[in-house]
Every structure is written in structure tokens, then in C-alpha cells.
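As C-alpha cells, the structure follows; a few thoughts come after it.
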Amino acid sequence: FNAALIRRRVRDRTLRMEYMKIGRRSQTDICVSYLKDIADPEIVKQIKSSLDKIDTDGLPMAEKTVEEFIAGRHWNPYPLVRYTERPDTATTHLYEGHVIVIVDGSPSVLITPTTFWHHMQHAEEYRQKPFVGAYLRLIRFIAVLASIFLLPLWFLFAEYPDMLPAQLSFIGPNEPGNVPLILQLIIIEVGIDMMRMATIHTPTSLATALGLVAAILIGEVAVEVGLFTNEVILYLAVAAVGTFATPSYEMSLANRIVRIYLLLATAMFGVYGFVIASFLWIIYLTRLKSFHLPYLWPFLPFSARAFRDVLIRSPIPLKRRRPYALHPKDPDR
């Protein structure tokens with residue numbers, strides 16, 4: 001069904017749908033899709049070679065199991081491939097020179113290779129006029145940055161109020177509270193994850209009620225008994241909104257882990273901990289590659305035109321070149 005949805009949108013003679021079976025016992029059908037006149041043959045060869053090397057009984061989690069075999073870096077929290085259930089998103093990536101992996105029995109497909117910025121984009125930006133889409137993308141970037149840096153920065157300023165100018169002296173808790181600040185942040189981070197998991201396993205008709213009870217009653221009572229301060233709940237709520245505004249669920253979870261890592265580094269080493277931990281995080285992302293595609297491209301290595309298209313949702317008629325980092329055989333759209 002997924003292959004048919006793509007064929008309806010890409011009626012090109014060079015569209016390739018190459019099938020194979022993976023799993024000694026399951027014999028699961030897998031389809032590798034790409035445009036022969038556009039996709040880099042080396043990327044196609046590498047992906048097909050990685051799929052051929054999969055030796056397992058079956059693929060119980062479909063494309064997620066495939067990703068763990070072909071992407072490598074098993075302890076890396078950041079997604080090196082992109083998932084989508086939208087045929088329009090999949091075909092857009094095909095036209096750019098990406099390779100699509102379709103697994104039988106799964107509603108989503110796997111897009112390779114991808115960068116950090118692919119996980120920051122959403123089809124909603126292209127369903128609106130370019131100016132509105134550019135605004136939505138800017139808000140999304142601000143939300144993602146807030147989900148990573150807001151809590152560590154607030155904790156840093158709360159612990160070192162002398163760093164703040166007089167105009168921002170209101171930042172930080174007015175009362176120290178009964179529980180150390182870093183412990184409050186860790187407890188509430190764990191609590192947010194517990195609430196999210198509880199919502200997943202709660203019947204849909206009760207999920208909204210559960211969220212309201214947790215947000216109002218538990219939060220208010222926790223402040224009254226002295227477990228949390230009001231500022232902790234405020235800034236955690238903003239960071240959580242930024243997490244949920246991240247288009248890629250896998251990316252949002254990875255950013256949440258980075259947020260906790262920055263919090264712990266800041267709590268242990270102060271300003272130096274925050275600066276060094278942030279620098280090491282950027283270095284780590286710089287060293288990541290998805291099928292030889294640098295994860296932070298076009299920011300590192302820098303490409304002005306490509307990075308402009310990342311930051312600003314450009315009008316479709318002005319996007320006349322395919323991403324050169326994918327080495328497309330036909331760079332002109």
C-alpha cells in the first residue's frame with residue numbers, strides 16, 4: 001500500500017522499487033525506493049548492502065528494527081533516519097535524492113540519509129503561504145532551543161544571580177524551598193515522563209482528564225507542601241511545550257536527554273560545566289554522520305545557501321537546486 005501511494009505521486013520512469021526479503025523466519029518484504037536519475041548510486045549501494053547484511057529471525061518492530069541494523073551507533077540517542085506516515089513527505093525526499101525504505105506491515109517509511117535539520121521541519125510549514133511558513137519555522141526553532149537550554153540556563157542564573165543584569169534580577173526563585181533546586185528539576189523531569197507514559201496507556205476518553213488532574217492538582221499541591229517552587233513548574237512547562245513542539249518524536253526524546261545532561265553538568269561544575277557540556281554536545285553532533293552525510297550540514301560544514309533554506313521556509317518556485325550534500329546526479333530541480 002505504501003509503495004502504491006508513492007507511485008501515484010511519482011510517475012517517473014526512473015522510479016525504482018527494489019524488493020528483498022529479510023528475516024530467516026519472518027521473510028518480511030522490504031522495498032528500497034529511489035529515483036535512479038537523481039539519487040547518489042553510492043548511497044543506494046550502501047543502504048542496500050546494509051540491508052543485505054541483516055541476519056535475524058524477523059523484524060518484529062518493522063522499520064524500527066531495520067534502523068537499528070543499518071544506522072549503527074546503537075547508543076546514540078539522536079535519530080539518524082527519519083520516519084513519516086505522509087506520502088507527500090516521502091515523495092518530497094525522493095525528489096531531493098533521498099532513499100526510502102518501506103517495510104511490509106508498517107504504516108510509516110524510513111527516509112535516509114537525514115540531518116539534524118530534517119527532524120526540525122514539518123509539512124505544516126508548506127501548507128501555508130511562504131511568509132506564514134517561515135514564521136512557523138522560526139517559532140519551532142525557538143521552541144526546540146527552549147526545550148534544550150531554558151532549564152539549564154535558568155538553573156545557572158538561579159544559582160549564580162550575580163551574573164544577571166539588574167533588569168533581569170527577577171529570574172530565580174524568591175524562596176529557596178525545602179528541596180535543593182537541582183533535585184526539584186530532576187524529580188519534575190522524571191514526573192513529566194511518568195505522566196506521558198501514563199497518558200499513553202490511559203484510554204483516550206480519560207487521557208485529557210488525567211493530564212488536567214496531573215497538571216492542576218499535583219502541581220498545586222506540590223507547591224503548597226514545599227516540594228517544588230512556582231518558578232520550577234513554570235520553566236519546566238515552557239521546556240515541555242518546546243519538547244512537544246518538536247516535529248520528530250525521536251528528536252524530542254534525544255533533546256530531553258541532552259537537557260538533563262546539561263542540568264547535571266551545570267549543577268556539578270557551574271558556569272564551566274554548562275559551557276563545556278554545551279561545547280561537547282555540539283562536537284558530538286558534528287562528528288555524527290548518517291550514511292556519510294554530516295549530521296549538522298549545512299551548519300557544519302557551512303553552506304550559506306543551504307543554511308538559508310533551513311532557517312527560512314523559501315517559496316517553492318525559488319528552490320531550484322537539490323541539496324548538494326546528497327550528491328544528486330541531477331542537481332537542478
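Lettering and numbering for the C-alpha cells are positional, with chains as A, B, ... in the shown order, residues counted from 1 in each chain, and ligands counted from 1 in the shown order.
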
query = Among region 62-264 of chain A, which residues carry a DSSP assignment of helix (DSSP H, G or I), reported as a ChimeraX atom specification?
reply = /A:63-70,87-96,116-120,123-126,130-159,161-163,166-168,181-200,204-224,230-244,249-264

With C-alpha atoms kept, could you save the residues just selected as a CSV table (one decimal), in the first residue's frame?
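Resulting contents of again_10.csv:
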chain,number,residue,atom,x,y,z
A,63,GLU,CA,11.2,-0.3,10.2
A,64,LYS,CA,12.5,0.5,13.7
A,65,THR,CA,14.3,-2.9,13.8
A,66,VAL,CA,15.7,-2.1,10.4
A,67,GLU,CA,17.0,1.2,11.5
A,68,GLU,CA,18.9,-0.4,14.4
A,69,PHE,CA,20.7,-2.7,12.0
A,70,ILE,CA,21.6,-0.2,9.3
A,87,PRO,CA,3.2,10.1,1.3
A,88,ASP,CA,3.8,13.8,0.3
A,89,THR,CA,6.7,14.0,2.7
A,90,ALA,CA,8.2,10.7,1.4
A,91,THR,CA,8.0,11.8,-2.2
A,92,THR,CA,9.5,15.3,-1.4
A,93,HIS,CA,12.5,13.5,-0.1
A,94,LEU,CA,12.7,11.2,-3.1
A,95,TYR,CA,12.8,14.3,-5.4
A,96,GLU,CA,15.7,15.6,-3.3
A,116,PHE,CA,19.6,17.2,12.4
A,117,TRP,CA,17.5,19.9,10.5
A,118,HIS,CA,15.3,17.3,8.7
A,119,HIS,CA,13.8,16.5,12.1
A,120,MET,CA,13.0,20.2,12.6
A,123,ALA,CA,4.7,19.6,6.3
A,124,GLU,CA,2.5,22.2,8.0
A,125,GLU,CA,5.1,24.9,7.0
A,126,TYR,CA,4.5,24.1,3.4
A,130,PRO,CA,5.8,31.2,2.5
A,131,PHE,CA,5.7,34.1,4.9
A,132,VAL,CA,3.5,32.3,7.3
A,133,GLY,CA,5.5,29.1,6.9
A,134,ALA,CA,8.7,31.0,7.6
A,135,TYR,CA,7.1,32.4,10.8
A,136,LEU,CA,6.0,28.9,11.9
A,137,ARG,CA,9.5,27.5,11.3
A,138,LEU,CA,11.1,30.3,13.3
A,139,ILE,CA,8.7,29.7,16.3
A,140,ARG,CA,9.5,26.0,16.0
A,141,PHE,CA,13.3,26.6,16.2
A,142,ILE,CA,12.8,28.8,19.3
A,143,ALA,CA,10.7,26.1,20.9
A,144,VAL,CA,13.3,23.4,20.3
A,145,LEU,CA,16.1,25.6,21.6
A,146,ALA,CA,14.0,26.4,24.7
A,147,SER,CA,13.4,22.7,25.3
A,148,ILE,CA,17.2,22.2,25.4
A,149,PHE,CA,18.7,25.3,27.1
A,150,LEU,CA,15.9,27.0,29.0
A,151,LEU,CA,16.0,24.9,32.2
A,152,PRO,CA,19.9,24.7,32.4
A,153,LEU,CA,20.2,28.4,31.9
A,154,TRP,CA,17.5,29.3,34.4
A,155,PHE,CA,19.2,26.9,37.0
A,156,LEU,CA,22.6,28.6,36.3
A,157,PHE,CA,21.2,32.1,36.8
A,158,ALA,CA,19.3,30.9,39.9
A,159,GLU,CA,22.5,29.5,41.4
A,161,PRO,CA,22.3,35.6,40.5
A,162,ASP,CA,25.4,37.9,40.3
A,163,MET,CA,25.6,37.0,36.5
A,166,ALA,CA,19.7,44.5,37.1
A,167,GLN,CA,16.8,44.4,34.6
A,168,LEU,CA,16.7,40.6,34.9
A,181,LEU,CA,16.8,23.2,43.3
A,182,ILE,CA,18.6,20.6,41.1
A,183,LEU,CA,16.7,17.8,42.9
A,184,GLN,CA,13.4,19.6,42.2
A,185,LEU,CA,14.3,19.7,38.5
A,186,ILE,CA,15.3,16.1,38.3
A,187,ILE,CA,12.1,15.0,40.1
A,188,ILE,CA,9.9,17.0,37.9
A,189,GLU,CA,11.7,15.8,34.7
A,190,VAL,CA,11.0,12.2,35.8
A,191,GLY,CA,7.4,13.1,36.8
A,192,ILE,CA,6.8,14.5,33.3
A,193,ASP,CA,8.0,11.3,31.7
A,194,MET,CA,5.8,9.3,34.1
A,195,MET,CA,2.8,11.4,33.2
A,196,ARG,CA,3.5,11.0,29.5
A,197,MET,CA,3.7,7.2,29.8
A,198,ALA,CA,0.6,7.1,31.9
A,199,THR,CA,-1.3,9.1,29.2
A,200,ILE,CA,-0.2,6.7,26.5
A,204,THR,CA,-8.4,8.1,25.1
A,205,SER,CA,-11.6,9.2,26.8
A,206,LEU,CA,-9.7,9.6,30.1
A,207,ALA,CA,-6.3,10.9,28.8
A,208,THR,CA,-7.4,14.6,28.8
A,209,ALA,CA,-8.8,14.3,32.3
A,210,LEU,CA,-5.6,12.6,33.5
A,211,GLY,CA,-3.5,15.5,32.1
A,212,LEU,CA,-5.7,18.1,33.8
A,213,VAL,CA,-5.5,16.3,37.1
A,214,ALA,CA,-1.8,15.9,37.0
A,215,ALA,CA,-1.2,19.5,35.8
A,216,ILE,CA,-3.5,21.3,38.2
A,217,LEU,CA,-3.9,19.2,41.3
A,218,ILE,CA,-0.5,17.5,41.6
A,219,GLY,CA,1.4,20.7,40.6
A,220,GLU,CA,-0.6,22.9,43.0
A,221,VAL,CA,-0.3,20.5,45.9
A,222,ALA,CA,3.4,20.0,45.3
A,223,VAL,CA,4.0,23.8,45.6
A,224,GLU,CA,1.9,24.1,48.7
A,230,ASN,CA,6.5,28.0,41.3
A,231,GLU,CA,9.4,29.0,39.0
A,232,VAL,CA,10.4,25.4,38.6
A,233,ILE,CA,7.0,24.4,37.3
A,234,LEU,CA,6.8,27.5,35.1
A,235,TYR,CA,10.1,26.9,33.3
A,236,LEU,CA,9.6,23.1,33.1
A,237,ALA,CA,6.2,23.8,31.5
A,238,VAL,CA,7.8,26.0,28.8
A,239,ALA,CA,10.5,23.5,28.2
A,240,ALA,CA,7.9,20.7,27.9
A,241,VAL,CA,5.9,22.8,25.4
A,242,GLY,CA,9.1,23.1,23.3
A,243,THR,CA,9.6,19.3,23.5
A,244,PHE,CA,6.1,18.6,22.3
A,249,TYR,CA,9.2,12.4,18.4
A,250,GLU,CA,12.6,10.6,18.4
A,251,MET,CA,14.4,14.0,18.2
A,252,SER,CA,12.4,15.4,21.1
A,253,LEU,CA,13.4,12.4,23.4
A,254,ALA,CA,17.0,12.9,22.5
A,255,ASN,CA,16.9,16.6,23.3
A,256,ARG,CA,15.3,15.8,26.6
A,257,ILE,CA,18.2,13.6,27.5
A,258,VAL,CA,20.6,16.4,26.5
A,259,ARG,CA,18.7,18.8,28.7
A,260,ILE,CA,19.1,16.5,31.7
A,261,TYR,CA,22.8,16.1,30.8
A,262,LEU,CA,23.3,19.9,30.7
A,263,LEU,CA,21.4,20.3,34.0
A,264,LEU,CA,23.7,17.8,35.8

key: Long-range neighbours of Asn2 (chain A) as a PyMOL selection string, 8 Å cut-off, only C-alpha atoms, 2 positions minimum in chain   = chain A and resi 4-6+87+102+107+109

key: All strand (DSSP E) residues (DSSP, backbone) inside region 230-330 of chain A, as number ranges by chain   = A: 289-290, 293-294

query = Near Val81 (chain A), within 8 Å and counting only C-alpha atoms, which residues show up once chain neighbours fewer than 2 positions away are dropped, as a VMD selection string?
reply = chain A and resid 67 71 79 83 110 to 114 290

Mind writing the picked residues with all heavy atoms as a PDB file, in the first residue's frame?
ATOM      1  N   GLU A  67      16.165   0.082  11.246  1.00  0.00           N
ATOM      2  CA  GLU A  67      17.024   1.221  11.547  1.00  0.00           C
ATOM      3  C   GLU A  67      18.172   0.827  12.478  1.00  0.00           C
ATOM      4  O   GLU A  67      19.318   1.243  12.290  1.00  0.00           O
ATOM      5  CB  GLU A  67      16.206   2.343  12.195  1.00  0.00           C
ATOM      6  CG  GLU A  67      17.007   3.602  12.474  1.00  0.00           C
ATOM      7  CD  GLU A  67      16.670   4.258  13.798  1.00  0.00           C
ATOM      8  OE1 GLU A  67      15.637   3.937  14.373  1.00  0.00           O
ATOM      9  OE2 GLU A  67      17.472   5.103  14.237  1.00  0.00           O
ATOM     10  N   ALA A  71      21.701   1.735  10.788  1.00  0.00           N
ATOM     11  CA  ALA A  71      22.203   3.054  11.168  1.00  0.00           C
ATOM     12  C   ALA A  71      23.464   2.971  12.011  1.00  0.00           C
ATOM     13  O   ALA A  71      24.273   3.905  12.020  1.00  0.00           O
ATOM     14  CB  ALA A  71      21.126   3.840  11.913  1.00  0.00           C
ATOM     15  N   PRO A  79      18.259  10.396  16.300  1.00  0.00           N
ATOM     16  CA  PRO A  79      17.828   9.594  15.142  1.00  0.00           C
ATOM     17  C   PRO A  79      18.646   9.936  13.902  1.00  0.00           C
ATOM     18  O   PRO A  79      18.789  11.110  13.553  1.00  0.00           O
ATOM     19  CB  PRO A  79      16.360   9.997  14.974  1.00  0.00           C
ATOM     20  CG  PRO A  79      16.284  11.385  15.542  1.00  0.00           C
ATOM     21  CD  PRO A  79      17.274  11.432  16.674  1.00  0.00           C
ATOM     22  N   TYR A  83      11.320   9.110  10.123  1.00  0.00           N
ATOM     23  CA  TYR A  83      10.110   8.339   9.876  1.00  0.00           C
ATOM     24  C   TYR A  83       8.993   9.276   9.435  1.00  0.00           C
ATOM     25  O   TYR A  83       8.897  10.414   9.892  1.00  0.00           O
ATOM     26  CB  TYR A  83       9.659   7.611  11.161  1.00  0.00           C
ATOM     27  CG  TYR A  83      10.685   6.668  11.725  1.00  0.00           C
ATOM     28  CD1 TYR A  83      11.472   7.036  12.808  1.00  0.00           C
ATOM     29  CD2 TYR A  83      10.869   5.403  11.179  1.00  0.00           C
ATOM     30  CE1 TYR A  83      12.407   6.173  13.333  1.00  0.00           C
ATOM     31  CE2 TYR A  83      11.807   4.537  11.698  1.00  0.00           C
ATOM     32  CZ  TYR A  83      12.573   4.929  12.774  1.00  0.00           C
ATOM     33  OH  TYR A  83      13.507   4.059  13.280  1.00  0.00           O
ATOM     34  N   LEU A 110      10.878   4.725   6.162  1.00  0.00           N
ATOM     35  CA  LEU A 110      12.159   5.170   6.701  1.00  0.00           C
ATOM     36  C   LEU A 110      12.883   5.965   5.625  1.00  0.00           C
ATOM     37  O   LEU A 110      13.059   5.469   4.501  1.00  0.00           O
ATOM     38  CB  LEU A 110      12.953   3.938   7.131  1.00  0.00           C
ATOM     39  CG  LEU A 110      14.229   4.073   7.919  1.00  0.00           C
ATOM     40  CD1 LEU A 110      14.370   2.870   8.851  1.00  0.00           C
ATOM     41  CD2 LEU A 110      15.421   4.099   6.988  1.00  0.00           C
ATOM     42  N   ILE A 111      13.275   7.196   5.935  1.00  0.00           N
ATOM     43  CA  ILE A 111      13.938   8.093   4.990  1.00  0.00           C
ATOM     44  C   ILE A 111      15.418   8.185   5.347  1.00  0.00           C
ATOM     45  O   ILE A 111      15.768   8.454   6.500  1.00  0.00           O
ATOM     46  CB  ILE A 111      13.308   9.488   5.009  1.00  0.00           C
ATOM     47  CG1 ILE A 111      11.818   9.412   4.675  1.00  0.00           C
ATOM     48  CG2 ILE A 111      14.019  10.434   4.048  1.00  0.00           C
ATOM     49  CD1 ILE A 111      11.076  10.711   4.876  1.00  0.00           C
ATOM     50  N   THR A 112      16.279   7.969   4.380  1.00  0.00           N
ATOM     51  CA  THR A 112      17.727   8.053   4.594  1.00  0.00           C
ATOM     52  C   THR A 112      18.370   8.783   3.412  1.00  0.00           C
ATOM     53  O   THR A 112      17.842   8.745   2.299  1.00  0.00           O
ATOM     54  CB  THR A 112      18.345   6.646   4.687  1.00  0.00           C
ATOM     55  OG1 THR A 112      18.101   5.961   3.444  1.00  0.00           O
ATOM     56  CG2 THR A 112      17.750   5.855   5.812  1.00  0.00           C
ATOM     57  N   PRO A 113      19.531   9.397   3.610  1.00  0.00           N
ATOM     58  CA  PRO A 113      20.084   9.812   4.902  1.00  0.00           C
ATOM     59  C   PRO A 113      19.424  11.120   5.338  1.00  0.00           C
ATOM     60  O   PRO A 113      18.803  11.805   4.526  1.00  0.00           O
ATOM     61  CB  PRO A 113      21.557  10.014   4.590  1.00  0.00           C
ATOM     62  CG  PRO A 113      21.587  10.433   3.150  1.00  0.00           C
ATOM     63  CD  PRO A 113      20.423   9.742   2.481  1.00  0.00           C
ATOM     64  N   THR A 114      19.558  11.477   6.604  1.00  0.00           N
ATOM     65  CA  THR A 114      18.952  12.701   7.103  1.00  0.00           C
ATOM     66  C   THR A 114      19.941  13.455   7.983  1.00  0.00           C
ATOM     67  O   THR A 114      20.917  12.890   8.467  1.00  0.00           O
ATOM     68  CB  THR A 114      17.683  12.407   7.931  1.00  0.00           C
ATOM     69  OG1 THR A 114      18.031  11.525   9.010  1.00  0.00           O
ATOM     70  CG2 THR A 114      16.611  11.779   7.085  1.00  0.00           C
ATOM     71  N   SER A 290      25.118  10.389   8.965  1.00  0.00           N
ATOM     72  CA  SER A 290      24.078   9.478   8.523  1.00  0.00           C
ATOM     73  C   SER A 290      24.404   9.055   7.101  1.00  0.00           C
ATOM     74  O   SER A 290      24.216   9.821   6.157  1.00  0.00           O
ATOM     75  CB  SER A 290      22.707  10.169   8.583  1.00  0.00           C
ATOM     76  OG  SER A 290      21.699   9.349   8.030  1.00  0.00           O
TER      77      SER A 290
END

ask   = Gly270 (chain A): which residues within 9 Å, counting only C-alpha atoms, same-chain residues fewer than 4 positions away excluded, as a list in words?
value =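 Surrounding residues, per the criterion: Leu156, Glu159, Tyr160, Ala265, Thr266, Phe274 and Val275 of chain A.
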
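Residue nearest Pro41 (chain A) within the list A:Leu285, A:Arg13, A:Ala304, A:His98: A:His98 [criterion: smallest interatomic distance, only C-alpha atoms].
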
Within 8 Å of region 44-54 of chain A using only C-alpha atoms, minus same-chain residues under 5 positions, as a PDB file with N, CA and C atoms, in the first residue's frame:
ATOM      1  N   ILE A  22      13.813 -10.034   4.231  1.00  0.00           N
ATOM      2  CA  ILE A  22      14.723 -10.018   5.373  1.00  0.00           C
ATOM      3  C   ILE A  22      14.075 -10.805   6.507  1.00  0.00           C
ATOM      4  N   GLY A  23      14.876 -11.585   7.190  1.00  0.00           N
ATOM      5  CA  GLY A  23      14.376 -12.396   8.298  1.00  0.00           C
ATOM      6  C   GLY A  23      14.362 -13.859   7.908  1.00  0.00           C
ATOM      7  N   VAL A  32      13.107  -0.937  -1.302  1.00  0.00           N
ATOM      8  CA  VAL A  32      14.022   0.205  -1.344  1.00  0.00           C
ATOM      9  C   VAL A  32      13.624   1.060  -2.547  1.00  0.00           C
ATOM     10  N   TYR A  34      13.863   4.740  -4.759  1.00  0.00           N
ATOM     11  CA  TYR A  34      14.660   5.927  -5.071  1.00  0.00           C
ATOM     12  C   TYR A  34      14.460   6.282  -6.542  1.00  0.00           C
ATOM     13  N   ALA A  39      19.168  10.040  -7.276  1.00  0.00           N
ATOM     14  CA  ALA A  39      19.852   9.544  -6.078  1.00  0.00           C
ATOM     15  C   ALA A  39      21.300   9.179  -6.365  1.00  0.00           C
ATOM     16  N   VAL A  66      14.814  -2.353  11.486  1.00  0.00           N
ATOM     17  CA  VAL A  66      15.707  -2.130  10.352  1.00  0.00           C
ATOM     18  C   VAL A  66      16.670  -0.990  10.653  1.00  0.00           C
ATOM     19  N   PHE A  69      19.656  -1.899  12.702  1.00  0.00           N
ATOM     20  CA  PHE A  69      20.655  -2.690  11.989  1.00  0.00           C
ATOM     21  C   PHE A  69      21.486  -1.834  11.030  1.00  0.00           C
ATOM     22  N   ILE A  70      20.853  -0.893  10.335  1.00  0.00           N
ATOM     23  CA  ILE A  70      21.570  -0.202   9.259  1.00  0.00           C
ATOM     24  C   ILE A  70      22.202   1.118   9.699  1.00  0.00           C
ATOM     25  N   VAL A  99      16.748   8.164  -0.156  1.00  0.00           N
ATOM     26  CA  VAL A  99      16.332   6.787  -0.407  1.00  0.00           C
ATOM     27  C   VAL A  99      15.296   6.412   0.645  1.00  0.00           C
ATOM     28  N   PHE A 291      24.967   7.849   6.963  1.00  0.00           N
ATOM     29  CA  PHE A 291      25.411   7.352   5.662  1.00  0.00           C
ATOM     30  C   PHE A 291      26.336   8.366   4.983  1.00  0.00           C
TER      31      PHE A 291
END

inquiry  = Quick one: residues within 12 Å of Arg305 (chain A), only C-alpha atoms, excluding same-chain residues fewer than 3 positions away - as a ChimeraX atom specification?
reply    = /A:297-299,302,308-312,314,318-324

request  = Go through A:Thr28, A:Thr202, A:Thr229, A:Ser108 and flag the residue nearest Val179 (chain A), using only C-alpha atoms for the distances.
outcome  =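 Looking at the shortest contact to Val179 (chain A), the residue is A:Thr229.
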
inquiry  = Using only C-alpha atoms for the distances, tell me which of A:Leu35, A:Val103, A:Ile171, A:Leu280 is nearest to Lys21 (chain A).
reply    =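 Checking each of A:Leu35, A:Val103, A:Ile171, A:Leu280 against Lys21 (chain A), counting only C-alpha atoms, the winner is A:Val103.
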